Amino acid sequence: MGEDGAGGTMHLLCLAASSGVPLFCRSSRGGIPTRQQLPFSVIGSLNGVHMFGQNLEVQLNSARTEDTTVVLLVGLEELTNIRNIERLKKELRASYRLIDSFLGDSELIGDLTECVDCVVPPEGSLLQEALSGFAEATSTAFVSLVVSGRVMVATEGWWRLGMPEAVLLPWLLGSLPPQTARDYPVYLPHGSPTVPHRLLTLTLLPGLELCLLCGPRPPLSHLDPQLLERWWQPLLESLRACVPLGPRALPAGFPLHADILGLLLLHLELRRCLLTVEPSGDREPSREQRRRLLRSFYTLVTSTHFPPEPGSQEDKAQQVHMPRACYLVLGPEEPDVGWRLVALQVGPRRLLLLLSPQSPTHGLRSLATQTLHALTPLL
């Protein structure tokens with residue numbers, strides 16, 4: 001993966017570990033996928049250095065110049081015993097949209113947090129009851145409702161999916177073009193890396209999909225209109241109210257302080273998160289900038305202040321010294337100058353807020369505490 005300056009070009013390069021043959025190269029510039037490719041001479045040179053280091057038991061992770069960073073991605077062990085490289089290249093094309101979505105400026109954040117991107121529907125209990133009934137009627141344990149790549153409600157089986165598939169499956173749906181129905185083969189990196197499962201999807205409303213992860217049964221043809229109407233027609237208005245939830249994440253009218261420009265809430269035990277940059281959307285910074293700021297702040301606080309997961313050995317050993325909150329001011333720490341970023345951790349929940357320059361620094365922790373208290377019943 002290479003990055004060429006701020007907002008520059010990024011390259012994701014995948015090579016066969018044994019032969020060095022390029023399997024694919026995907027690129028983006030400024031968060032937008034492009035057709036620009038790395039020159040074959042550069043690919044060959046990087047692979048040569050990689051092979052040379054491998055013979056000396058040295059792993060090449062990155063190569064840097066003044067304005068470029070290139071990182072080699074070598075395939076998983078399952079991809080090293082390649083019998084037909086051209087066939088493998090064709091099969092990998094099915095992953096291009098998912099790969100491009102990771103390189104682009106996504107509205108999701110599960111790739112960074114390793115938590116499932118979620119939204120909170122206004123009538124979640126009714127939707128959950130209908131989903132459980134539908135799952136029983138289809139004899140399928142893994143069922144969810146997904147809006148714009150974010151999970152609204154899901155069965156217990158779906159929530160028990162391991163990482164990274166729990167994050168990847170809804171992300172995959174968000175990267176695919178709209179379709180009325182799909183029967184899509186998927187390999188689960190953790191649960192089933194060699195035998196494909198079937199991902200069945202049915203579009204209930206534009207942007208809102210019913211998803212089933214299953215084996216050979218049921219056939220897609222068994223999910224007939226009568227079955228869908230029985231479970232979902234009575235909830236049509238409730239489903240319509242969920243369609244705008246994608247970028248908003250929170251129900252309409254949920255009270256947030258006027259200074260909040262964006263928030264990220266994580267439940268580290270459930271591995272779920274809520275992200276929204278919609279509050280006061282007519283104010284600066286832009287939604288894209290807000291997402292970048294929250295992503296950068298999450299990386300900062302996770303690497304320097306908070307442990308990766310609650311209850312870890314490192315957490316227990318350093319619990320006395322572990323901070324509960326921190327904040328950052330972008331610019332001079334003066335009244336009405338610089339956006340504020342504050343993080344607060346209480347138990348398994350971690351909240352990150354992006355606040356307007358008008359928010360006084362002495363009140364940041366109090367505001368974050370009140371916001372977390374209000375959000376706790378939702379996640």
# chains A, B, ... in the order shown; residues from 1 in each chain; ligands from 1
>>> select_by_dssp(residues="segment 82-297 of chain A", states="alpha helix (DSSP H)", output="short mmCIF file (atom, residue, chain, number, x, y, z; two decimals) with N, CA, C and O atoms, in the first residue's frame")
data_model
loop_
_atom_site.label_atom_id
_atom_site.label_comp_id
_atom_site.auth_asym_id
_atom_site.auth_seq_id
_atom_site.Cartn_x
_atom_site.Cartn_y
_atom_site.Cartn_z
N ILE A 85 -2.59 -19.60 -11.69
CA ILE A 85 -2.55 -18.20 -11.27
C ILE A 85 -3.57 -17.34 -12.00
O ILE A 85 -4.15 -16.42 -11.45
N GLU A 86 -3.82 -17.64 -13.28
CA GLU A 86 -4.79 -16.84 -14.03
C GLU A 86 -6.20 -17.06 -13.50
O GLU A 86 -7.00 -16.13 -13.42
N ARG A 87 -6.51 -18.30 -13.12
CA ARG A 87 -7.82 -18.57 -12.53
C ARG A 87 -7.97 -17.84 -11.20
O ARG A 87 -9.03 -17.29 -10.90
N LEU A 88 -6.91 -17.84 -10.39
CA LEU A 88 -6.95 -17.13 -9.12
C LEU A 88 -7.19 -15.64 -9.33
O LEU A 88 -7.97 -15.01 -8.61
N LYS A 89 -6.52 -15.06 -10.33
CA LYS A 89 -6.72 -13.64 -10.61
C LYS A 89 -8.18 -13.35 -10.92
O LYS A 89 -8.75 -12.34 -10.45
N LYS A 90 -8.81 -14.21 -11.72
CA LYS A 90 -10.22 -14.01 -12.07
C LYS A 90 -11.10 -14.13 -10.84
O LYS A 90 -12.05 -13.35 -10.66
N GLU A 91 -10.79 -15.10 -9.96
CA GLU A 91 -11.61 -15.26 -8.76
C GLU A 91 -11.47 -14.08 -7.81
O GLU A 91 -12.41 -13.71 -7.12
N LEU A 92 -10.28 -13.49 -7.78
CA LEU A 92 -10.06 -12.35 -6.89
C LEU A 92 -10.82 -11.10 -7.33
O LEU A 92 -11.02 -10.19 -6.54
N TYR A 96 -12.82 -7.02 -5.65
CA TYR A 96 -12.31 -5.69 -5.96
C TYR A 96 -13.14 -4.58 -5.34
O TYR A 96 -12.60 -3.59 -4.84
N ARG A 97 -14.47 -4.70 -5.39
CA ARG A 97 -15.31 -3.64 -4.82
C ARG A 97 -15.08 -3.50 -3.32
O ARG A 97 -15.02 -2.39 -2.79
N LEU A 98 -14.94 -4.64 -2.64
CA LEU A 98 -14.67 -4.59 -1.20
C LEU A 98 -13.31 -3.96 -0.94
O LEU A 98 -13.16 -3.11 -0.06
N ILE A 99 -12.31 -4.35 -1.71
CA ILE A 99 -10.96 -3.79 -1.54
C ILE A 99 -10.97 -2.29 -1.81
O ILE A 99 -10.40 -1.50 -1.04
N ASP A 100 -11.63 -1.87 -2.88
CA ASP A 100 -11.70 -0.45 -3.22
C ASP A 100 -12.39 0.35 -2.11
O ASP A 100 -12.03 1.51 -1.84
N SER A 101 -13.39 -0.26 -1.46
CA SER A 101 -14.09 0.47 -0.40
C SER A 101 -13.18 0.71 0.80
O SER A 101 -13.31 1.71 1.50
N PHE A 102 -12.21 -0.20 1.05
CA PHE A 102 -11.25 0.02 2.12
C PHE A 102 -10.26 1.12 1.75
O PHE A 102 -9.80 1.88 2.61
N LEU A 103 -9.90 1.21 0.47
CA LEU A 103 -8.97 2.25 0.03
C LEU A 103 -9.63 3.61 -0.05
O LEU A 103 -8.97 4.65 0.06
N GLY A 110 -15.57 0.36 10.93
CA GLY A 110 -15.26 -0.96 11.47
C GLY A 110 -13.90 -1.48 11.07
O GLY A 110 -13.32 -2.31 11.79
N ASP A 111 -13.37 -1.01 9.93
CA ASP A 111 -12.04 -1.46 9.52
C ASP A 111 -10.98 -1.01 10.52
O ASP A 111 -9.95 -1.68 10.70
N LEU A 112 -11.21 0.11 11.18
CA LEU A 112 -10.26 0.65 12.15
C LEU A 112 -10.53 0.14 13.56
O LEU A 112 -9.61 -0.23 14.28
N THR A 113 -11.80 0.12 13.95
CA THR A 113 -12.16 -0.23 15.32
C THR A 113 -12.29 -1.73 15.54
O THR A 113 -12.30 -2.18 16.69
N GLY A 124 -36.78 -0.77 17.51
CA GLY A 124 -35.89 -1.92 17.45
C GLY A 124 -36.50 -3.21 17.96
O GLY A 124 -36.26 -4.28 17.41
N SER A 125 -37.32 -3.13 19.03
CA SER A 125 -37.90 -4.36 19.60
C SER A 125 -38.86 -5.03 18.62
O SER A 125 -38.87 -6.26 18.50
N LEU A 126 -39.65 -4.23 17.90
CA LEU A 126 -40.57 -4.80 16.91
C LEU A 126 -39.80 -5.45 15.76
O LEU A 126 -40.14 -6.56 15.31
N LEU A 127 -38.76 -4.78 15.29
CA LEU A 127 -37.95 -5.33 14.20
C LEU A 127 -37.22 -6.59 14.65
O LEU A 127 -37.11 -7.55 13.88
N GLN A 128 -36.73 -6.59 15.89
CA GLN A 128 -36.03 -7.77 16.40
C GLN A 128 -36.98 -8.96 16.49
O GLN A 128 -36.62 -10.09 16.15
N GLU A 129 -38.22 -8.73 16.94
CA GLU A 129 -39.20 -9.80 17.05
C GLU A 129 -39.52 -10.38 15.68
O GLU A 129 -39.59 -11.61 15.50
N ALA A 130 -39.70 -9.50 14.69
CA ALA A 130 -39.99 -9.97 13.34
C ALA A 130 -38.80 -10.72 12.75
O ALA A 130 -38.97 -11.75 12.09
N LEU A 131 -37.60 -10.23 13.00
CA LEU A 131 -36.41 -10.89 12.48
C LEU A 131 -36.25 -12.28 13.07
O LEU A 131 -35.92 -13.25 12.35
N SER A 132 -36.48 -12.42 14.37
CA SER A 132 -36.37 -13.72 15.01
C SER A 132 -37.40 -14.69 14.46
O SER A 132 -37.11 -15.88 14.22
N GLY A 133 -38.62 -14.21 14.22
CA GLY A 133 -39.67 -15.05 13.64
C GLY A 133 -39.32 -15.48 12.22
O GLY A 133 -39.52 -16.64 11.84
N PHE A 134 -38.79 -14.55 11.45
CA PHE A 134 -38.40 -14.87 10.07
C PHE A 134 -37.27 -15.89 10.06
O PHE A 134 -37.27 -16.82 9.24
N ALA A 135 -36.29 -15.73 10.96
CA ALA A 135 -35.18 -16.67 11.02
C ALA A 135 -35.66 -18.08 11.37
O ALA A 135 -35.21 -19.07 10.79
N GLU A 136 -36.63 -18.16 12.28
CA GLU A 136 -37.18 -19.47 12.65
C GLU A 136 -37.95 -20.08 11.48
O GLU A 136 -37.85 -21.29 11.22
N ALA A 137 -38.70 -19.25 10.76
CA ALA A 137 -39.49 -19.74 9.63
C ALA A 137 -38.60 -20.26 8.50
O ALA A 137 -39.00 -21.16 7.76
N GLU A 156 -29.09 -13.77 17.45
CA GLU A 156 -27.96 -14.08 18.33
C GLU A 156 -26.84 -14.77 17.56
O GLU A 156 -25.66 -14.55 17.81
N GLY A 157 -27.23 -15.64 16.61
CA GLY A 157 -26.22 -16.33 15.82
C GLY A 157 -25.37 -15.36 15.02
O GLY A 157 -24.14 -15.52 14.94
N TRP A 158 -26.00 -14.35 14.42
CA TRP A 158 -25.25 -13.36 13.64
C TRP A 158 -24.28 -12.61 14.54
O TRP A 158 -23.12 -12.40 14.18
N TRP A 159 -24.74 -12.21 15.73
CA TRP A 159 -23.85 -11.46 16.63
C TRP A 159 -22.70 -12.32 17.14
O TRP A 159 -21.68 -11.78 17.56
N GLU A 165 -15.13 -11.50 10.10
CA GLU A 165 -16.31 -11.62 9.24
C GLU A 165 -17.49 -10.80 9.74
O GLU A 165 -18.30 -10.33 8.93
N ALA A 166 -17.62 -10.61 11.06
CA ALA A 166 -18.72 -9.81 11.56
C ALA A 166 -18.67 -8.38 11.02
O ALA A 166 -19.70 -7.75 10.81
N VAL A 167 -17.45 -7.87 10.82
CA VAL A 167 -17.28 -6.54 10.23
C VAL A 167 -17.37 -6.59 8.72
O VAL A 167 -17.97 -5.72 8.07
N LEU A 168 -16.78 -7.62 8.12
CA LEU A 168 -16.65 -7.67 6.66
C LEU A 168 -17.98 -7.90 5.94
O LEU A 168 -18.20 -7.35 4.86
N LEU A 169 -18.87 -8.72 6.51
CA LEU A 169 -20.10 -9.05 5.79
C LEU A 169 -20.97 -7.82 5.52
O LEU A 169 -21.36 -7.58 4.37
N PRO A 170 -21.33 -7.00 6.54
CA PRO A 170 -22.11 -5.80 6.22
C PRO A 170 -21.32 -4.80 5.37
O PRO A 170 -21.88 -4.09 4.55
N TRP A 171 -19.99 -4.75 5.58
CA TRP A 171 -19.17 -3.86 4.75
C TRP A 171 -19.23 -4.29 3.29
O TRP A 171 -19.30 -3.46 2.38
N LEU A 172 -19.19 -5.62 3.05
CA LEU A 172 -19.31 -6.14 1.70
C LEU A 172 -20.62 -5.70 1.06
O LEU A 172 -20.64 -5.25 -0.09
N LEU A 173 -21.71 -5.80 1.80
CA LEU A 173 -23.02 -5.39 1.26
C LEU A 173 -23.02 -3.92 0.89
O LEU A 173 -23.59 -3.52 -0.13
N GLY A 174 -22.39 -3.10 1.72
CA GLY A 174 -22.34 -1.67 1.42
C GLY A 174 -21.50 -1.35 0.20
O GLY A 174 -21.66 -0.27 -0.38
N SER A 175 -20.61 -2.26 -0.20
CA SER A 175 -19.74 -2.00 -1.34
C SER A 175 -20.33 -2.50 -2.65
O SER A 175 -19.85 -2.13 -3.73
N PRO A 225 -42.26 -14.11 -2.14
CA PRO A 225 -42.91 -12.86 -1.71
C PRO A 225 -43.91 -13.05 -0.58
O PRO A 225 -44.06 -12.18 0.28
N GLN A 226 -44.62 -14.20 -0.56
CA GLN A 226 -45.61 -14.42 0.50
C GLN A 226 -44.95 -14.48 1.87
O GLN A 226 -45.45 -13.92 2.85
N LEU A 227 -43.78 -15.13 1.94
CA LEU A 227 -43.06 -15.22 3.21
C LEU A 227 -42.58 -13.84 3.66
O LEU A 227 -42.66 -13.49 4.84
N LEU A 228 -42.08 -13.06 2.72
CA LEU A 228 -41.60 -11.72 3.06
C LEU A 228 -42.75 -10.82 3.50
O LEU A 228 -42.64 -10.07 4.47
N GLU A 229 -43.87 -10.91 2.78
CA GLU A 229 -45.02 -10.08 3.14
C GLU A 229 -45.54 -10.44 4.53
O GLU A 229 -45.95 -9.57 5.30
N ARG A 230 -45.52 -11.70 4.87
CA ARG A 230 -46.05 -12.13 6.17
C ARG A 230 -45.29 -11.46 7.31
O ARG A 230 -45.90 -11.01 8.29
N TRP A 231 -43.97 -11.37 7.18
CA TRP A 231 -43.17 -10.86 8.29
C TRP A 231 -42.88 -9.37 8.20
O TRP A 231 -42.70 -8.71 9.24
N TRP A 232 -42.82 -8.81 7.00
CA TRP A 232 -42.32 -7.45 6.88
C TRP A 232 -43.35 -6.43 6.40
O TRP A 232 -43.18 -5.24 6.65
N LEU A 236 -43.86 -2.10 7.43
CA LEU A 236 -43.34 -1.31 6.31
C LEU A 236 -43.02 0.13 6.71
O LEU A 236 -41.96 0.67 6.35
N GLU A 237 -43.90 0.77 7.48
CA GLU A 237 -43.65 2.15 7.89
C GLU A 237 -42.46 2.24 8.83
O GLU A 237 -41.65 3.18 8.76
N SER A 238 -42.32 1.26 9.71
CA SER A 238 -41.15 1.23 10.61
C SER A 238 -39.86 1.07 9.80
O SER A 238 -38.84 1.69 10.12
N LEU A 239 -39.91 0.24 8.77
CA LEU A 239 -38.73 0.04 7.92
C LEU A 239 -38.39 1.32 7.16
O LEU A 239 -37.22 1.67 7.00
N ARG A 240 -39.41 2.01 6.67
CA ARG A 240 -39.17 3.26 5.94
C ARG A 240 -38.47 4.28 6.84
O ARG A 240 -37.61 5.04 6.38
N ALA A 241 -38.83 4.30 8.12
CA ALA A 241 -38.19 5.24 9.04
C ALA A 241 -36.73 4.90 9.28
O ALA A 241 -35.97 5.75 9.76
N CYS A 242 -36.33 3.68 8.94
CA CYS A 242 -34.94 3.25 9.17
C CYS A 242 -34.02 3.57 8.01
O CYS A 242 -32.79 3.57 8.18
N LEU A 245 -31.30 6.12 8.40
CA LEU A 245 -30.44 5.91 9.57
C LEU A 245 -28.99 5.69 9.20
O LEU A 245 -28.12 5.87 10.04
N GLY A 246 -28.71 5.27 7.94
CA GLY A 246 -27.35 4.94 7.57
C GLY A 246 -26.30 5.90 8.10
O GLY A 246 -25.57 5.59 9.04
N PRO A 247 -26.20 7.11 7.55
CA PRO A 247 -25.19 8.05 8.04
C PRO A 247 -25.51 8.67 9.39
O PRO A 247 -24.62 9.14 10.09
N ARG A 248 -26.81 8.65 9.78
CA ARG A 248 -27.19 9.33 11.02
C ARG A 248 -26.96 8.46 12.24
O ARG A 248 -26.65 8.97 13.33
N ARG A 287 -18.34 16.80 6.54
CA ARG A 287 -18.53 15.46 7.09
C ARG A 287 -17.30 14.59 6.85
O ARG A 287 -16.92 13.79 7.71
N GLU A 288 -16.69 14.73 5.67
CA GLU A 288 -15.48 13.94 5.39
C GLU A 288 -14.36 14.30 6.36
O GLU A 288 -13.66 13.41 6.88
N GLN A 289 -14.17 15.59 6.62
CA GLN A 289 -13.14 16.02 7.57
C GLN A 289 -13.45 15.54 8.98
O GLN A 289 -12.55 15.13 9.72
N ARG A 290 -14.72 15.54 9.35
CA ARG A 290 -15.11 15.07 10.68
C ARG A 290 -14.75 13.60 10.86
O ARG A 290 -14.24 13.19 11.90
N ARG A 291 -15.05 12.79 9.82
CA ARG A 291 -14.71 11.37 9.91
C ARG A 291 -13.21 11.17 10.04
O ARG A 291 -12.74 10.35 10.85
N ARG A 292 -12.44 11.94 9.26
CA ARG A 292 -10.98 11.81 9.34
C ARG A 292 -10.47 12.20 10.72
O ARG A 292 -9.57 11.57 11.28
N LEU A 293 -11.04 13.26 11.29
CA LEU A 293 -10.61 13.70 12.62
C LEU A 293 -10.92 12.65 13.68
O LEU A 293 -10.08 12.36 14.55
N LEU A 294 -12.11 12.06 13.61
CA LEU A 294 -12.47 11.05 14.59
C LEU A 294 -11.63 9.78 14.43
O LEU A 294 -11.23 9.15 15.40
N ARG A 295 -11.34 9.42 13.17
CA ARG A 295 -10.49 8.24 12.94
C ARG A 295 -9.08 8.49 13.50
O ARG A 295 -8.51 7.61 14.16
N SER A 296 -8.54 9.65 13.22
CA SER A 296 -7.20 9.95 13.71
C SER A 296 -7.16 10.00 15.24
O SER A 296 -6.22 9.51 15.87
N PHE A 297 -8.19 10.59 15.84
CA PHE A 297 -8.24 10.69 17.29
C PHE A 297 -8.41 9.31 17.92
O PHE A 297 -7.80 9.01 18.96
#
>>> residues_around(residues="Asp183 of chain A", least_positions_apart="2", cutoff="9 Å", atoms="only C-alpha atoms", output="number ranges by chain")
A: 181, 185, 198-201, 219-220
>>> write_last_selection(atoms="all heavy atoms", output="mmCIF file, in the first residue's frame")
data_model
loop_
_atom_site.group_PDB
_atom_site.id
_atom_site.type_symbol
_atom_site.label_atom_id
_atom_site.label_comp_id
_atom_site.auth_asym_id
_atom_site.auth_seq_id
_atom_site.Cartn_x
_atom_site.Cartn_y
_atom_site.Cartn_z
ATOM 1 N N ALA A 181 -32.142 -9.163 -5.207
ATOM 2 C CA ALA A 181 -31.808 -10.364 -4.451
ATOM 3 C C ALA A 181 -30.422 -10.840 -4.867
ATOM 4 O O ALA A 181 -29.985 -10.620 -6.000
ATOM 5 C CB ALA A 181 -32.845 -11.455 -4.687
ATOM 6 N N PRO A 185 -21.523 -16.336 -2.786
ATOM 7 C CA PRO A 185 -20.627 -17.200 -2.009
ATOM 8 C C PRO A 185 -19.600 -16.378 -1.245
ATOM 9 O O PRO A 185 -18.993 -15.456 -1.789
ATOM 10 C CB PRO A 185 -19.959 -18.061 -3.087
ATOM 11 C CG PRO A 185 -19.989 -17.214 -4.317
ATOM 12 C CD PRO A 185 -21.223 -16.368 -4.228
ATOM 13 N N ARG A 198 -23.132 -19.305 1.932
ATOM 14 C CA ARG A 198 -23.957 -18.503 1.018
ATOM 15 C C ARG A 198 -24.477 -17.289 1.778
ATOM 16 O O ARG A 198 -25.017 -17.417 2.879
ATOM 17 C CB ARG A 198 -25.130 -19.324 0.490
ATOM 18 C CG ARG A 198 -24.695 -20.494 -0.372
ATOM 19 C CD ARG A 198 -25.833 -21.478 -0.571
ATOM 20 N NE ARG A 198 -26.969 -20.858 -1.245
ATOM 21 C CZ ARG A 198 -28.240 -21.002 -0.848
ATOM 22 N NH1 ARG A 198 -28.515 -21.693 0.251
ATOM 23 N NH2 ARG A 198 -29.207 -20.431 -1.531
ATOM 24 N N LEU A 199 -24.302 -16.129 1.180
ATOM 25 C CA LEU A 199 -24.869 -14.898 1.715
ATOM 26 C C LEU A 199 -26.066 -14.535 0.844
ATOM 27 O O LEU A 199 -25.907 -14.126 -0.304
ATOM 28 C CB LEU A 199 -23.841 -13.774 1.712
ATOM 29 C CG LEU A 199 -24.310 -12.432 2.282
ATOM 30 C CD1 LEU A 199 -24.678 -12.566 3.761
ATOM 31 C CD2 LEU A 199 -23.253 -11.357 2.086
ATOM 32 N N LEU A 200 -27.267 -14.746 1.388
ATOM 33 C CA LEU A 200 -28.495 -14.406 0.675
ATOM 34 C C LEU A 200 -28.952 -13.023 1.117
ATOM 35 O O LEU A 200 -28.991 -12.729 2.318
ATOM 36 C CB LEU A 200 -29.599 -15.423 0.973
ATOM 37 C CG LEU A 200 -29.299 -16.905 0.748
ATOM 38 C CD1 LEU A 200 -30.537 -17.749 1.019
ATOM 39 C CD2 LEU A 200 -28.790 -17.149 -0.658
ATOM 40 N N THR A 201 -29.290 -12.173 0.164
ATOM 41 C CA THR A 201 -29.786 -10.835 0.507
ATOM 42 C C THR A 201 -31.061 -10.554 -0.268
ATOM 43 O O THR A 201 -31.197 -10.942 -1.430
ATOM 44 C CB THR A 201 -28.746 -9.739 0.187
ATOM 45 O OG1 THR A 201 -28.596 -9.620 -1.230
ATOM 46 C CG2 THR A 201 -27.401 -10.067 0.805
ATOM 47 N N PRO A 219 -32.846 -22.638 -0.442
ATOM 48 C CA PRO A 219 -32.641 -22.036 -1.755
ATOM 49 C C PRO A 219 -33.266 -20.636 -1.790
ATOM 50 O O PRO A 219 -34.229 -20.349 -1.076
ATOM 51 C CB PRO A 219 -33.366 -22.978 -2.717
ATOM 52 C CG PRO A 219 -33.905 -24.091 -1.909
ATOM 53 C CD PRO A 219 -33.719 -23.800 -0.469
ATOM 54 N N LEU A 220 -32.679 -19.782 -2.603
ATOM 55 C CA LEU A 220 -33.196 -18.414 -2.714
ATOM 56 C C LEU A 220 -34.660 -18.413 -3.137
ATOM 57 O O LEU A 220 -35.444 -17.549 -2.719
ATOM 58 C CB LEU A 220 -32.342 -17.621 -3.708
ATOM 59 C CG LEU A 220 -32.632 -16.131 -3.836
ATOM 60 C CD1 LEU A 220 -32.462 -15.421 -2.505
ATOM 61 C CD2 LEU A 220 -31.737 -15.496 -4.896
#
>>> select_by_dssp(residues="segment 185-318 of chain A", states="strand (DSSP E or B)", output="PyMOL selection string")
chain A and resi 185-188+192-205+208-214+260-267+272-276
>>> residues_around(residues="Leu265 of chain A", least_positions_apart="2", cutoff="12 Å", atoms="only C-alpha atoms", output="PyMOL selection string")
chain A and resi 109-110+113+115-120+249-250+262-263+267-268+270-277+294+298+342-346+348-354+368+371-379
>>> atom_distance(atom1="atom CA of Val337 of chain A", atom2="atom CA of Pro279 of chain A")
19.4 Å
>>> closest_residue(among="A:Thr155, A:Ser28, A:Gln358, A:Thr9", to="Val143 of chain A", atoms="only C-alpha atoms")
A:Thr155
>>> closest_residue(among="A:Pro121, A:Leu266, A:Pro189, A:Gly104", to="Ala252 of chain A", atoms="only C-alpha atoms")
A:Pro121
>>> closest_residue(among="A:Gly281, A:Pro33, A:Gly191, A:Gly347", to="Ala258 of chain A", atoms="only C-alpha atoms")
A:Gly281
>>> residues_around(residues="Val21 of chain A", least_positions_apart="6", cutoff="9 Å", atoms="only C-alpha atoms", output="list in words")
Cys14, Leu15, Gly44, Asn47 and Ile85 of chain A
>>> write_last_selection(atoms="C-alpha atoms", output="JSON list (two decimals), in the first residue's frame")
[["chain", "number", "residue", "atom", "x", "y", "z"],
["A", 14, "CYS", "CA", -0.91, -8.27, -3.57],
["A", 15, "LEU", "CA", 1.78, -10.69, -4.74],
["A", 44, "GLY", "CA", 9.39, -6.31, -9.83],
["A", 47, "ASN", "CA", 9.36, -8.28, -5.08],
["A", 85, "ILE", "CA", -2.55, -18.20, -11.27]]
>>> closest_residue(among="A:Cys326, A:Ser366, A:Gly207, A:Leu145", to="Pro177 of chain A", atoms="only C-alpha atoms")
A:Gly207
>>> atom_distance(atom1="atom CA of Gly331 of chain A", atom2="atom CA of Phe306 of chain A")
23.5 Å
>>> atom_distance(atom1="atom CA of Leu12 of chain A", atom2="atom CA of Phe24 of chain A")
8.1 Å
>>> decode(residues="segment 113-118 of chain A", atoms="all heavy atoms", output="PDB file, in the first residue's frame")
ATOM      1  N   THR A 113     -11.796   0.117  13.951  1.00  0.00           N
ATOM      2  CA  THR A 113     -12.155  -0.229  15.319  1.00  0.00           C
ATOM      3  C   THR A 113     -12.286  -1.733  15.544  1.00  0.00           C
ATOM      4  O   THR A 113     -12.298  -2.181  16.693  1.00  0.00           O
ATOM      5  CB  THR A 113     -13.492   0.422  15.702  1.00  0.00           C
ATOM      6  OG1 THR A 113     -14.535  -0.111  14.859  1.00  0.00           O
ATOM      7  CG2 THR A 113     -13.434   1.937  15.526  1.00  0.00           C
ATOM      8  N   GLU A 114     -12.422  -2.505  14.469  1.00  0.00           N
ATOM      9  CA  GLU A 114     -12.706  -3.941  14.555  1.00  0.00           C
ATOM     10  C   GLU A 114     -13.991  -4.192  15.340  1.00  0.00           C
ATOM     11  O   GLU A 114     -14.132  -5.183  16.053  1.00  0.00           O
ATOM     12  CB  GLU A 114     -11.529  -4.710  15.166  1.00  0.00           C
ATOM     13  CG  GLU A 114     -10.268  -4.628  14.315  1.00  0.00           C
ATOM     14  CD  GLU A 114      -9.134  -5.460  14.887  1.00  0.00           C
ATOM     15  OE1 GLU A 114      -9.333  -6.110  15.939  1.00  0.00           O
ATOM     16  OE2 GLU A 114      -8.055  -5.471  14.280  1.00  0.00           O
ATOM     17  N   CYS A 115     -14.921  -3.253  15.214  1.00  0.00           N
ATOM     18  CA  CYS A 115     -16.259  -3.381  15.781  1.00  0.00           C
ATOM     19  C   CYS A 115     -17.271  -3.243  14.646  1.00  0.00           C
ATOM     20  O   CYS A 115     -17.024  -2.539  13.661  1.00  0.00           O
ATOM     21  CB  CYS A 115     -16.525  -2.309  16.838  1.00  0.00           C
ATOM     22  SG  CYS A 115     -15.497  -2.451  18.314  1.00  0.00           S
ATOM     23  N   VAL A 116     -18.420  -3.899  14.796  1.00  0.00           N
ATOM     24  CA  VAL A 116     -19.439  -3.869  13.758  1.00  0.00           C
ATOM     25  C   VAL A 116     -20.102  -2.497  13.724  1.00  0.00           C
ATOM     26  O   VAL A 116     -20.576  -2.006  14.759  1.00  0.00           O
ATOM     27  CB  VAL A 116     -20.496  -4.958  14.003  1.00  0.00           C
ATOM     28  CG1 VAL A 116     -21.574  -4.919  12.918  1.00  0.00           C
ATOM     29  CG2 VAL A 116     -19.845  -6.339  14.057  1.00  0.00           C
ATOM     30  N   ASP A 117     -20.150  -1.870  12.544  1.00  0.00           N
ATOM     31  CA  ASP A 117     -20.863  -0.600  12.386  1.00  0.00           C
ATOM     32  C   ASP A 117     -22.357  -0.851  12.546  1.00  0.00           C
ATOM     33  O   ASP A 117     -22.937  -1.695  11.847  1.00  0.00           O
ATOM     34  CB  ASP A 117     -20.584   0.000  11.015  1.00  0.00           C
ATOM     35  CG  ASP A 117     -19.180   0.560  10.894  1.00  0.00           C
ATOM     36  OD1 ASP A 117     -18.963   1.689  11.364  1.00  0.00           O
ATOM     37  OD2 ASP A 117     -18.302  -0.133  10.345  1.00  0.00           O
ATOM     38  N   CYS A 118     -23.000  -0.115  13.434  1.00  0.00           N
ATOM     39  CA  CYS A 118     -24.416  -0.326  13.749  1.00  0.00           C
ATOM     40  C   CYS A 118     -25.186   0.985  13.660  1.00  0.00           C
ATOM     41  O   CYS A 118     -24.607   2.079  13.640  1.00  0.00           O
ATOM     42  CB  CYS A 118     -24.583  -0.904  15.157  1.00  0.00           C
ATOM     43  SG  CYS A 118     -23.798  -2.501  15.412  1.00  0.00           S
TER      44      CYS A 118
END
